[in-house]
$ cat model22.cif   # mmCIF, C-alpha atoms; chains and numbers go by the auth columns
data_run
loop_
_atom_site.group_PDB
_atom_site.id
_atom_site.type_symbol
_atom_site.label_atom_id
_atom_site.label_comp_id
_atom_site.label_asym_id
_atom_site.label_seq_id
_atom_site.Cartn_x
_atom_site.Cartn_y
_atom_site.Cartn_z
_atom_site.B_iso_or_equiv
_atom_site.auth_seq_id
_atom_site.auth_asym_id
ATOM 1 C CA MET A 1 -18.271 -0.254 -16.144 0.00 250 A
ATOM 2 C CA ASP A 2 -17.812 -2.237 -19.304 0.00 251 A
ATOM 3 C CA GLY A 3 -14.781 -4.216 -18.039 0.00 252 A
ATOM 4 C CA THR A 4 -12.231 -2.523 -20.280 0.00 253 A
ATOM 5 C CA ALA A 5 -9.139 -0.879 -18.876 0.00 254 A
ATOM 6 C CA PRO A 6 -8.838 2.911 -18.893 0.00 255 A
ATOM 7 C CA PRO A 7 -6.917 4.293 -21.897 0.00 256 A
ATOM 8 C CA GLY A 8 -3.223 3.496 -21.611 0.00 257 A
ATOM 9 C CA GLU A 9 -3.578 0.992 -18.778 0.00 258 A
ATOM 10 C CA GLU A 10 -3.993 -1.919 -21.162 0.00 259 A
ATOM 11 C CA PHE A 11 -0.281 -1.520 -21.890 0.00 260 A
ATOM 12 C CA ALA A 12 0.818 -1.349 -18.245 0.00 261 A
ATOM 13 C CA SER A 13 1.973 -3.990 -15.800 0.00 262 A
ATOM 14 C CA VAL A 14 2.636 -3.991 -12.098 0.00 263 A
ATOM 15 C CA VAL A 15 6.140 -5.307 -11.477 0.00 264 A
ATOM 16 C CA SER A 16 7.939 -6.002 -8.230 0.00 265 A
ATOM 17 C CA LEU A 17 11.686 -5.472 -8.327 0.00 266 A
ATOM 18 C CA GLN A 18 14.183 -6.088 -5.539 0.00 267 A
ATOM 19 C CA VAL A 19 16.660 -3.257 -6.132 0.00 268 A
ATOM 20 C CA ASN A 20 19.687 -2.797 -3.876 0.00 269 A
ATOM 21 C CA GLY A 21 17.955 -4.786 -1.147 0.00 270 A
ATOM 22 C CA THR A 22 14.658 -2.880 -1.240 0.00 271 A
ATOM 23 C CA THR A 23 11.462 -4.145 -2.870 0.00 272 A
ATOM 24 C CA HIS A 24 9.782 -1.679 -5.221 0.00 273 A
ATOM 25 C CA THR A 25 6.365 -2.164 -6.809 0.00 274 A
ATOM 26 C CA LEU A 26 6.019 -0.179 -10.019 0.00 275 A
ATOM 27 C CA THR A 27 3.352 0.264 -12.648 0.00 276 A
ATOM 28 C CA VAL A 28 5.201 0.422 -15.949 0.00 277 A
ATOM 29 C CA ASP A 29 4.478 0.236 -19.632 0.00 278 A
ATOM 30 C CA HIS A 30 5.127 -3.305 -20.869 0.00 279 A
ATOM 31 C CA ARG A 31 7.949 -1.927 -23.024 0.00 280 A
ATOM 32 C CA THR A 32 9.825 -0.194 -20.189 0.00 281 A
ATOM 33 C CA THR A 33 13.392 -1.408 -19.974 0.00 282 A
ATOM 34 C CA LEU A 34 15.026 -2.145 -16.659 0.00 283 A
ATOM 35 C CA LEU A 35 17.334 0.818 -17.326 0.00 284 A
ATOM 36 C CA ASP A 36 14.388 3.201 -17.713 0.00 285 A
ATOM 37 C CA ALA A 37 12.626 1.757 -14.663 0.00 286 A
ATOM 38 C CA LEU A 38 15.776 2.322 -12.583 0.00 287 A
ATOM 39 C CA ARG A 39 16.433 5.835 -13.857 0.00 288 A
ATOM 40 C CA GLU A 40 12.950 7.245 -14.428 0.00 289 A
ATOM 41 C CA HIS A 41 10.838 5.424 -11.835 0.00 290 A
ATOM 42 C CA LEU A 42 13.335 4.867 -9.009 0.00 291 A
ATOM 43 C CA GLY A 43 15.705 7.806 -9.492 0.00 292 A
ATOM 44 C CA LEU A 44 18.777 5.542 -9.612 0.00 293 A
ATOM 45 C CA THR A 45 20.819 7.326 -12.255 0.00 294 A
ATOM 46 C CA GLY A 46 24.124 5.468 -11.858 0.00 295 A
ATOM 47 C CA ALA A 47 23.428 3.168 -14.804 0.00 296 A
ATOM 48 C CA LYS A 48 23.723 5.318 -17.919 0.00 297 A
ATOM 49 C CA LYS A 49 21.925 5.236 -21.243 0.00 298 A
ATOM 50 C CA GLY A 50 24.802 5.198 -23.699 0.00 299 A
ATOM 51 C CA CYS A 51 24.005 3.424 -26.942 0.00 300 A
ATOM 52 C CA ASP A 52 20.637 1.940 -25.853 0.00 301 A
ATOM 53 C CA HIS A 53 21.564 -1.121 -27.955 0.00 302 A
ATOM 54 C CA GLY A 54 23.615 -3.241 -25.520 0.00 303 A
ATOM 55 C CA GLN A 55 26.892 -2.373 -27.203 0.00 304 A
ATOM 56 C CA CYS A 56 28.635 0.045 -24.796 0.00 305 A
ATOM 57 C CA GLY A 57 28.067 -1.394 -21.293 0.00 306 A
ATOM 58 C CA ALA A 58 27.299 1.969 -19.654 0.00 307 A
ATOM 59 C CA CYS A 59 24.006 0.520 -18.371 0.00 308 A
ATOM 60 C CA THR A 60 25.519 -2.614 -16.793 0.00 309 A
ATOM 61 C CA VAL A 61 23.908 -3.741 -13.523 0.00 310 A
ATOM 62 C CA LEU A 62 23.801 -7.064 -11.703 0.00 311 A
ATOM 63 C CA VAL A 63 20.614 -9.106 -12.103 0.00 312 A
ATOM 64 C CA GLY A 64 20.484 -12.205 -9.944 0.00 313 A
ATOM 65 C CA GLY A 65 24.180 -11.647 -9.271 0.00 314 A
ATOM 66 C CA ARG A 66 25.123 -11.706 -12.969 0.00 315 A
ATOM 67 C CA ARG A 67 26.049 -8.694 -15.017 0.00 316 A
ATOM 68 C CA ALA A 68 23.492 -7.570 -17.564 0.00 317 A
ATOM 69 C CA ASN A 69 22.912 -4.705 -19.968 0.00 318 A
ATOM 70 C CA SER A 70 19.825 -3.120 -18.417 0.00 319 A
ATOM 71 C CA CYS A 71 18.917 -1.359 -21.673 0.00 320 A
ATOM 72 C CA LEU A 72 18.168 -4.769 -23.222 0.00 321 A
ATOM 73 C CA LEU A 73 16.038 -6.166 -20.389 0.00 322 A
ATOM 74 C CA LEU A 74 12.352 -5.441 -20.044 0.00 323 A
ATOM 75 C CA SER A 75 11.514 -4.552 -16.460 0.00 324 A
ATOM 76 C CA VAL A 76 8.573 -6.997 -16.520 0.00 325 A
ATOM 77 C CA ALA A 77 11.050 -9.807 -17.291 0.00 326 A
ATOM 78 C CA CYS A 78 12.909 -8.973 -14.075 0.00 327 A
ATOM 79 C CA GLU A 79 9.901 -9.604 -11.817 0.00 328 A
ATOM 80 C CA GLY A 80 11.165 -10.903 -8.490 0.00 329 A
ATOM 81 C CA GLU A 81 14.831 -10.698 -9.509 0.00 330 A
ATOM 82 C CA SER A 82 17.476 -9.155 -7.288 0.00 331 A
ATOM 83 C CA VAL A 83 18.964 -6.128 -9.048 0.00 332 A
ATOM 84 C CA THR A 84 22.113 -4.390 -7.850 0.00 333 A
ATOM 85 C CA THR A 85 23.149 -1.029 -9.255 0.00 334 A
ATOM 86 C CA VAL A 86 26.332 0.893 -8.562 0.00 335 A
ATOM 87 C CA GLU A 87 24.411 2.753 -5.853 0.00 336 A
ATOM 88 C CA GLY A 88 23.897 -0.549 -4.016 0.00 337 A
ATOM 89 C CA LEU A 89 27.520 -1.714 -3.958 0.00 338 A
ATOM 90 C CA ALA A 90 28.730 0.417 -1.068 0.00 339 A
ATOM 91 C CA ASP A 91 28.175 -0.677 2.523 0.00 340 A
ATOM 92 C CA GLY A 92 26.824 2.531 4.029 0.00 341 A
ATOM 93 C CA ASP A 93 29.614 5.092 3.791 0.00 342 A
ATOM 94 C CA ARG A 94 32.215 2.423 2.988 0.00 343 A
ATOM 95 C CA LEU A 95 32.808 2.023 -0.726 0.00 344 A
ATOM 96 C CA HIS A 96 32.961 -1.387 -2.374 0.00 345 A
ATOM 97 C CA PRO A 97 36.620 -2.473 -2.826 0.00 346 A
ATOM 98 C CA LEU A 98 36.281 -2.003 -6.595 0.00 347 A
ATOM 99 C CA GLN A 99 34.945 1.524 -6.135 0.00 348 A
ATOM 100 C CA GLU A 100 37.924 2.280 -3.879 0.00 349 A
ATOM 101 C CA ALA A 101 40.353 0.764 -6.398 0.00 350 A
ATOM 102 C CA PHE A 102 38.867 2.762 -9.284 0.00 351 A
ATOM 103 C CA VAL A 103 39.452 5.967 -7.302 0.00 352 A
ATOM 104 C CA ALA A 104 42.928 4.966 -6.089 0.00 353 A
ATOM 105 C CA ARG A 105 44.073 3.845 -9.565 0.00 354 A
ATOM 106 C CA ASP A 106 42.499 6.846 -11.342 0.00 355 A
ATOM 107 C CA ALA A 107 40.491 4.388 -13.453 0.00 356 A
ATOM 108 C CA LEU A 108 38.120 7.017 -14.780 0.00 357 A
ATOM 109 C CA GLN A 109 38.174 10.280 -16.628 0.00 358 A
ATOM 110 C CA CYS A 110 34.765 11.716 -17.501 0.00 359 A
ATOM 111 C CA GLY A 111 33.081 9.027 -15.353 0.00 360 A
ATOM 112 C CA TYR A 112 30.143 8.351 -17.670 0.00 361 A
ATOM 113 C CA CYS A 113 31.004 4.673 -18.148 0.00 362 A
ATOM 114 C CA THR A 114 32.341 4.140 -14.622 0.00 363 A
ATOM 115 C CA PRO A 115 29.167 2.781 -12.942 0.00 364 A
ATOM 116 C CA GLY A 116 28.784 0.182 -15.697 0.00 365 A
ATOM 117 C CA GLN A 117 32.507 -0.619 -15.597 0.00 366 A
ATOM 118 C CA ILE A 118 32.364 -1.191 -11.833 0.00 367 A
ATOM 119 C CA CYS A 119 29.216 -3.343 -11.952 0.00 368 A
ATOM 120 C CA SER A 120 30.735 -5.367 -14.779 0.00 369 A
ATOM 121 C CA ALA A 121 33.947 -5.803 -12.765 0.00 370 A
ATOM 122 C CA VAL A 122 31.945 -7.070 -9.760 0.00 371 A
ATOM 123 C CA GLY A 123 30.331 -9.662 -12.043 0.00 372 A
ATOM 124 C CA LEU A 124 33.704 -10.526 -13.575 0.00 373 A
ATOM 125 C CA LEU A 125 35.221 -11.277 -10.165 0.00 374 A
ATOM 126 C CA ASP A 126 32.346 -13.602 -9.308 0.00 375 A
ATOM 127 C CA GLU A 127 32.462 -15.398 -12.669 0.00 376 A
ATOM 128 C CA ALA A 128 36.218 -15.986 -12.415 0.00 377 A
ATOM 129 C CA ALA A 129 35.937 -17.120 -8.786 0.00 378 A
ATOM 130 C CA HIS A 130 33.410 -19.747 -9.884 0.00 379 A
ATOM 131 C CA GLY A 131 35.681 -21.027 -12.676 0.00 380 A
ATOM 132 C CA HIS A 132 33.720 -19.670 -15.654 0.00 381 A
ATOM 133 C CA PRO A 133 36.192 -19.497 -18.555 0.00 382 A
ATOM 134 C CA SER A 134 36.459 -16.684 -21.075 0.00 383 A
ATOM 135 C CA HIS A 135 37.695 -16.772 -24.649 0.00 384 A
ATOM 136 C CA VAL A 136 41.305 -16.344 -23.482 0.00 385 A
ATOM 137 C CA THR A 137 41.212 -18.754 -20.539 0.00 386 A
ATOM 138 C CA PRO A 138 43.674 -21.571 -21.234 0.00 387 A
ATOM 139 C CA PRO A 139 42.068 -24.999 -21.446 0.00 388 A
ATOM 140 C CA PRO A 140 42.522 -27.068 -18.297 0.00 389 A
ATOM 141 C CA ARG A 141 45.361 -29.526 -18.265 0.00 390 A
ATOM 142 C CA ALA A 142 44.320 -33.178 -18.107 0.00 391 A
ATOM 143 C CA GLU A 143 46.036 -33.695 -14.744 0.00 392 A
ATOM 144 C CA ASP A 144 44.181 -30.663 -13.280 0.00 393 A
ATOM 145 C CA ASP A 145 40.875 -32.013 -14.577 0.00 394 A
ATOM 146 C CA GLU A 146 41.440 -35.441 -13.050 0.00 395 A
ATOM 147 C CA ALA A 147 42.425 -33.915 -9.716 0.00 396 A
ATOM 148 C CA HIS A 148 39.177 -31.909 -9.628 0.00 397 A
ATOM 149 C CA GLY A 149 36.638 -34.588 -10.458 0.00 398 A
ATOM 150 C CA GLY A 150 36.591 -34.369 -14.246 0.00 399 A
ATOM 151 C CA THR A 151 34.605 -31.117 -14.429 0.00 400 A
ATOM 152 C CA GLY A 152 36.506 -29.807 -17.433 0.00 401 A
ATOM 153 C CA THR A 153 37.147 -26.451 -15.753 0.00 402 A
ATOM 154 C CA GLY A 154 40.220 -27.372 -13.776 0.00 403 A
ATOM 155 C CA GLY A 155 38.007 -27.135 -10.709 0.00 404 A
ATOM 156 C CA GLY A 156 39.103 -23.767 -9.441 0.00 405 A
ATOM 157 C CA PRO A 157 38.998 -20.052 -9.953 0.00 406 A
ATOM 158 C CA VAL A 158 40.291 -18.556 -13.175 0.00 407 A
ATOM 159 C CA PRO A 159 43.420 -16.448 -12.541 0.00 408 A
ATOM 160 C CA LEU A 160 42.721 -12.859 -13.534 0.00 409 A
ATOM 161 C CA THR A 161 45.723 -11.914 -15.641 0.00 410 A
ATOM 162 C CA PRO A 162 45.637 -8.597 -17.538 0.00 411 A
ATOM 163 C CA PRO A 163 44.620 -10.354 -20.807 0.00 412 A
ATOM 164 C CA GLU A 164 41.861 -12.225 -18.908 0.00 413 A
ATOM 165 C CA ILE A 165 40.557 -8.969 -17.387 0.00 414 A
ATOM 166 C CA ARG A 166 40.668 -7.149 -20.737 0.00 415 A
ATOM 167 C CA GLU A 167 38.734 -9.958 -22.438 0.00 416 A
ATOM 168 C CA ARG A 168 36.101 -10.104 -19.699 0.00 417 A
ATOM 169 C CA MET A 169 35.661 -6.306 -19.708 0.00 418 A
ATOM 170 C CA SER A 170 35.482 -6.047 -23.504 0.00 419 A
ATOM 171 C CA GLY A 171 31.739 -5.332 -23.397 0.00 420 A
ATOM 172 C CA ASN A 172 32.327 -2.069 -21.534 0.00 421 A
ATOM 173 C CA ILE A 173 33.561 0.831 -23.636 0.00 422 A
ATOM 174 C CA CYS A 174 35.437 3.830 -22.214 0.00 423 A
ATOM 175 C CA ARG A 175 35.512 6.654 -24.736 0.00 424 A
ATOM 176 C CA CYS A 176 38.182 8.442 -22.668 0.00 425 A
ATOM 177 C CA GLY A 177 40.533 5.445 -22.893 0.00 426 A
ATOM 178 C CA ALA A 178 41.101 4.734 -19.198 0.00 427 A
ATOM 179 C CA TYR A 179 41.533 1.028 -19.980 0.00 428 A
ATOM 180 C CA PRO A 180 45.036 0.492 -18.497 0.00 429 A
ATOM 181 C CA ASN A 181 43.960 1.955 -15.154 0.00 430 A
ATOM 182 C CA ILE A 182 40.674 0.026 -15.201 0.00 431 A
ATOM 183 C CA VAL A 183 42.629 -3.215 -15.646 0.00 432 A
ATOM 184 C CA ASP A 184 44.979 -2.181 -12.833 0.00 433 A
ATOM 185 C CA ALA A 185 42.055 -1.402 -10.498 0.00 434 A
ATOM 186 C CA ILE A 186 40.418 -4.762 -11.122 0.00 435 A
ATOM 187 C CA ALA A 187 43.740 -6.600 -10.753 0.00 436 A
ATOM 188 C CA GLU A 188 44.242 -4.856 -7.394 0.00 437 A
ATOM 189 C CA VAL A 189 40.979 -6.288 -6.060 0.00 438 A
ATOM 190 C CA ALA A 190 41.228 -9.710 -7.722 0.00 439 A
ATOM 191 C CA PRO A 191 42.228 -12.556 -5.399 0.00 440 A
#

$ encode --input "model22.cif" --output "structure tokens"
Amino acid sequence: MDGTAPPGEEFASVVSLQVNGTTHTLTVDHRTTLLDALREHLGLTGAKKGCDHGQCGACTVLVGGRRANSCLLLSVACEGESVTTVEGLADGDRLHPLQEAFVARDALQCGYCTPGQICSAVGLLDEAAHGHPSHVTPPPRAEDDEAHGGTGTGGGPVPLTPPEIRERMSGNICRCGAYPNIVDAIAEVAP
């Protein structure tokens, strides 16, 4: 042997991904996106390839608990990260509360964007619960800031009003226009 890699293998990496609680070791081309690794290597087709440019949100998954457009992430950059797809949200046969709310509120039509919408909504709930403001979040009042140790966030969760939900979900496009019911479904689950 001359020490060179077989043709094609010089562009491959072994990556270990923790997906929906299970560790997967994959050999992928360096350029393989997380979306393609999920769909083509693991058979998890919930995340959809919409625009493939990070503009529609159909590919949204949770990476390290935060929502991310999987079409923009290289799978090798997610080494060791915890990835949750829409398939991993349910607890056995029991749907995640957001999945139940989307069904109950008829928050889908064709369903193509729904997995990304739901994953984004899961991330939204966590962000708001941890006090992360959005563009429409009112600034904290001085008396709230003083009462919560001067953090500048008001110290507590961000109330999820319809304008707050719409702003936070603005990265997820629904071509069918199910937006009012999507907002209602998220509001139903929001604390």

$ closest_residue --input "model22.cif" --among "A:His290, A:Arg390, A:Arg316, A:Arg343" --to "Met418 (chain A)" --atoms "only C-alpha atoms"
A:Arg316

$ closest_residue --input "model22.cif" --among "A:Cys320, A:Ala370, A:Val407, A:Leu357" --to "Tyr428 (chain A)" --atoms "all atoms listed in the file"
A:Leu357

$ residues_near_point --input "model22.cif" --point "(17.3, -13.1, -6.0)" --cutoff "6 Å" --atoms "only C-alpha atoms" --output "list in words"
Gly313, Glu330 and Ser331 of chain A

$ resolve_selection --input "model22.cif" --expression "the PyMOL selection byres ((chain A and resi 298-307) around 10)" --output "count of residues only"
34

$ resolve_selection --input "model22.cif" --expression "the PyMOL selection byres ((chain A and resi 408) around 12)" --output "list in words"
Leu373, Leu374, Asp375, Glu376, Ala377, Ala378, His379, Gly380, His381, Pro382, Ser383, Val385, Thr386, Pro387, Gly403, Gly405, Pro406, Val407, Leu409, Thr410, Pro411, Pro412, Glu413, Ile414, Ala436, Ala439 and Pro440 of chain A

$ closest_residue --input "model22.cif" --among "A:Val432, A:Glu336, A:Gly360, A:Asp278" --to "Glu416 (chain A)" --atoms "all atoms listed in the file"
A:Val432

$ closest_residue --input "model22.cif" --among "A:Gly314, A:Val371, A:Gly426, A:Thr276" --to "His345 (chain A)" --atoms "only C-alpha atoms"
A:Val371

$ atom_distance --input "model22.cif" --atom1 "CA of Thr281 (chain A)" --atom2 "CA of Ala339 (chain A)"
26.9 Å

$ atom_distance --input "model22.cif" --atom1 "CA of Phe260 (chain A)" --atom2 "CA of Gly329 (chain A)"
20.0 Å

$ atom_distance --input "model22.cif" --atom1 "CA of Leu266 (chain A)" --atom2 "CA of Val325 (chain A)"
8.9 Å

$ residues_around --input "model22.cif" --residues "Val277 (chain A)" --least-positions-apart "3" --cutoff "12 Å" --atoms "only C-alpha atoms" --output "number ranges by chain"
A: 257-266, 273-274, 280-283, 285-287, 289-291, 323-326, 328

$ residues_around --input "model22.cif" --residues "Ala356 (chain A)" --least-positions-apart "2" --cutoff "8 Å" --atoms "all atoms listed in the file" --output "PyMOL selection string"
chain A and resi 350-354+358+427-431+433-434

$ closest_residue --input "model22.cif" --among "A:Val335, A:Ile435, A:Val312, A:Cys327" --to "Leu275 (chain A)" --atoms "all atoms listed in the file"
A:Cys327

$ decode --input "model22.cif" --residues "region 369-381 of chain A" --atoms "all heavy atoms" --output "mmCIF file, in the first residue's frame"
data_model
loop_
_atom_site.group_PDB
_atom_site.id
_atom_site.type_symbol
_atom_site.label_atom_id
_atom_site.label_comp_id
_atom_site.auth_asym_id
_atom_site.auth_seq_id
_atom_site.Cartn_x
_atom_site.Cartn_y
_atom_site.Cartn_z
ATOM 1 N N SER A 369 -39.621 23.902 15.211
ATOM 2 C CA SER A 369 -39.358 25.307 15.495
ATOM 3 C C SER A 369 -40.181 25.766 16.696
ATOM 4 O O SER A 369 -39.682 26.504 17.560
ATOM 5 C CB SER A 369 -39.688 26.165 14.271
ATOM 6 O OG SER A 369 -39.252 27.489 14.458
ATOM 7 N N ALA A 370 -41.421 25.317 16.793
ATOM 8 C CA ALA A 370 -42.279 25.696 17.920
ATOM 9 C C ALA A 370 -41.744 25.139 19.241
ATOM 10 O O ALA A 370 -41.809 25.812 20.272
ATOM 11 C CB ALA A 370 -43.705 25.217 17.677
ATOM 12 N N VAL A 371 -41.186 23.919 19.214
ATOM 13 C CA VAL A 371 -40.572 23.360 20.424
ATOM 14 C C VAL A 371 -39.419 24.256 20.863
ATOM 15 O O VAL A 371 -39.292 24.599 22.045
ATOM 16 C CB VAL A 371 -40.101 21.911 20.193
ATOM 17 C CG1 VAL A 371 -39.238 21.425 21.347
ATOM 18 C CG2 VAL A 371 -41.286 20.976 19.997
ATOM 19 N N GLY A 372 -38.580 24.669 19.917
ATOM 20 C CA GLY A 372 -37.471 25.572 20.235
ATOM 21 C C GLY A 372 -37.960 26.921 20.731
ATOM 22 O O GLY A 372 -37.405 27.491 21.681
ATOM 23 N N LEU A 373 -39.004 27.428 20.126
ATOM 24 C CA LEU A 373 -39.600 28.712 20.517
ATOM 25 C C LEU A 373 -40.051 28.678 21.972
ATOM 26 O O LEU A 373 -39.775 29.607 22.734
ATOM 27 C CB LEU A 373 -40.776 28.989 19.586
ATOM 28 C CG LEU A 373 -41.752 30.108 19.835
ATOM 29 C CD1 LEU A 373 -42.462 30.447 18.547
ATOM 30 C CD2 LEU A 373 -42.763 29.824 20.908
ATOM 31 N N LEU A 374 -40.736 27.603 22.363
ATOM 32 C CA LEU A 374 -41.213 27.500 23.747
ATOM 33 C C LEU A 374 -40.053 27.521 24.734
ATOM 34 O O LEU A 374 -40.130 28.167 25.787
ATOM 35 C CB LEU A 374 -42.038 26.229 23.933
ATOM 36 C CG LEU A 374 -43.383 26.176 23.208
ATOM 37 C CD1 LEU A 374 -44.026 24.808 23.388
ATOM 38 C CD2 LEU A 374 -44.308 27.282 23.669
ATOM 39 N N ASP A 375 -38.973 26.837 24.399
ATOM 40 C CA ASP A 375 -37.811 26.801 25.279
ATOM 41 C C ASP A 375 -37.134 28.176 25.358
ATOM 42 O O ASP A 375 -36.765 28.631 26.433
ATOM 43 C CB ASP A 375 -36.821 25.738 24.797
ATOM 44 C CG ASP A 375 -35.660 25.572 25.752
ATOM 45 O OD1 ASP A 375 -35.905 25.203 26.921
ATOM 46 O OD2 ASP A 375 -34.510 25.822 25.335
ATOM 47 N N GLU A 376 -36.973 28.821 24.212
ATOM 48 C CA GLU A 376 -36.349 30.149 24.187
ATOM 49 C C GLU A 376 -37.142 31.142 25.040
ATOM 50 O O GLU A 376 -36.570 31.891 25.829
ATOM 51 C CB GLU A 376 -36.265 30.664 22.747
ATOM 52 C CG GLU A 376 -35.307 29.891 21.869
ATOM 53 C CD GLU A 376 -35.529 30.148 20.388
ATOM 54 O OE1 GLU A 376 -36.269 31.094 20.032
ATOM 55 O OE2 GLU A 376 -34.965 29.392 19.579
ATOM 56 N N ALA A 377 -38.463 31.157 24.859
ATOM 57 C CA ALA A 377 -39.300 32.092 25.612
ATOM 58 C C ALA A 377 -39.273 31.769 27.100
ATOM 59 O O ALA A 377 -39.225 32.676 27.937
ATOM 60 C CB ALA A 377 -40.733 32.062 25.080
ATOM 61 N N ALA A 378 -39.278 30.482 27.432
ATOM 62 C CA ALA A 378 -39.244 30.078 28.849
ATOM 63 C C ALA A 378 -37.957 30.535 29.523
ATOM 64 O O ALA A 378 -37.949 30.827 30.720
ATOM 65 C CB ALA A 378 -39.377 28.557 28.965
ATOM 66 N N HIS A 379 -36.875 30.625 28.755
ATOM 67 C CA HIS A 379 -35.593 31.057 29.303
ATOM 68 C C HIS A 379 -35.369 32.568 29.183
ATOM 69 O O HIS A 379 -34.270 33.061 29.439
ATOM 70 C CB HIS A 379 -34.445 30.299 28.639
ATOM 71 C CG HIS A 379 -34.339 28.893 29.134
ATOM 72 N ND1 HIS A 379 -34.947 27.838 28.500
ATOM 73 C CD2 HIS A 379 -33.728 28.380 30.221
ATOM 74 C CE1 HIS A 379 -34.699 26.729 29.164
ATOM 75 N NE2 HIS A 379 -33.972 27.031 30.223
ATOM 76 N N GLY A 380 -36.407 33.303 28.774
ATOM 77 C CA GLY A 380 -36.328 34.763 28.743
ATOM 78 C C GLY A 380 -35.615 35.358 27.556
ATOM 79 O O GLY A 380 -35.289 36.550 27.575
ATOM 80 N N HIS A 381 -35.386 34.583 26.489
ATOM 81 C CA HIS A 381 -34.722 35.135 25.302
ATOM 82 C C HIS A 381 -35.707 36.031 24.551
ATOM 83 O O HIS A 381 -36.752 35.564 24.116
ATOM 84 C CB HIS A 381 -34.238 34.017 24.377
ATOM 85 C CG HIS A 381 -33.235 33.123 25.002
ATOM 86 N ND1 HIS A 381 -31.911 33.469 25.137
ATOM 87 C CD2 HIS A 381 -33.360 31.891 25.559
ATOM 88 C CE1 HIS A 381 -31.261 32.486 25.741
ATOM 89 N NE2 HIS A 381 -32.119 31.515 26.012
#
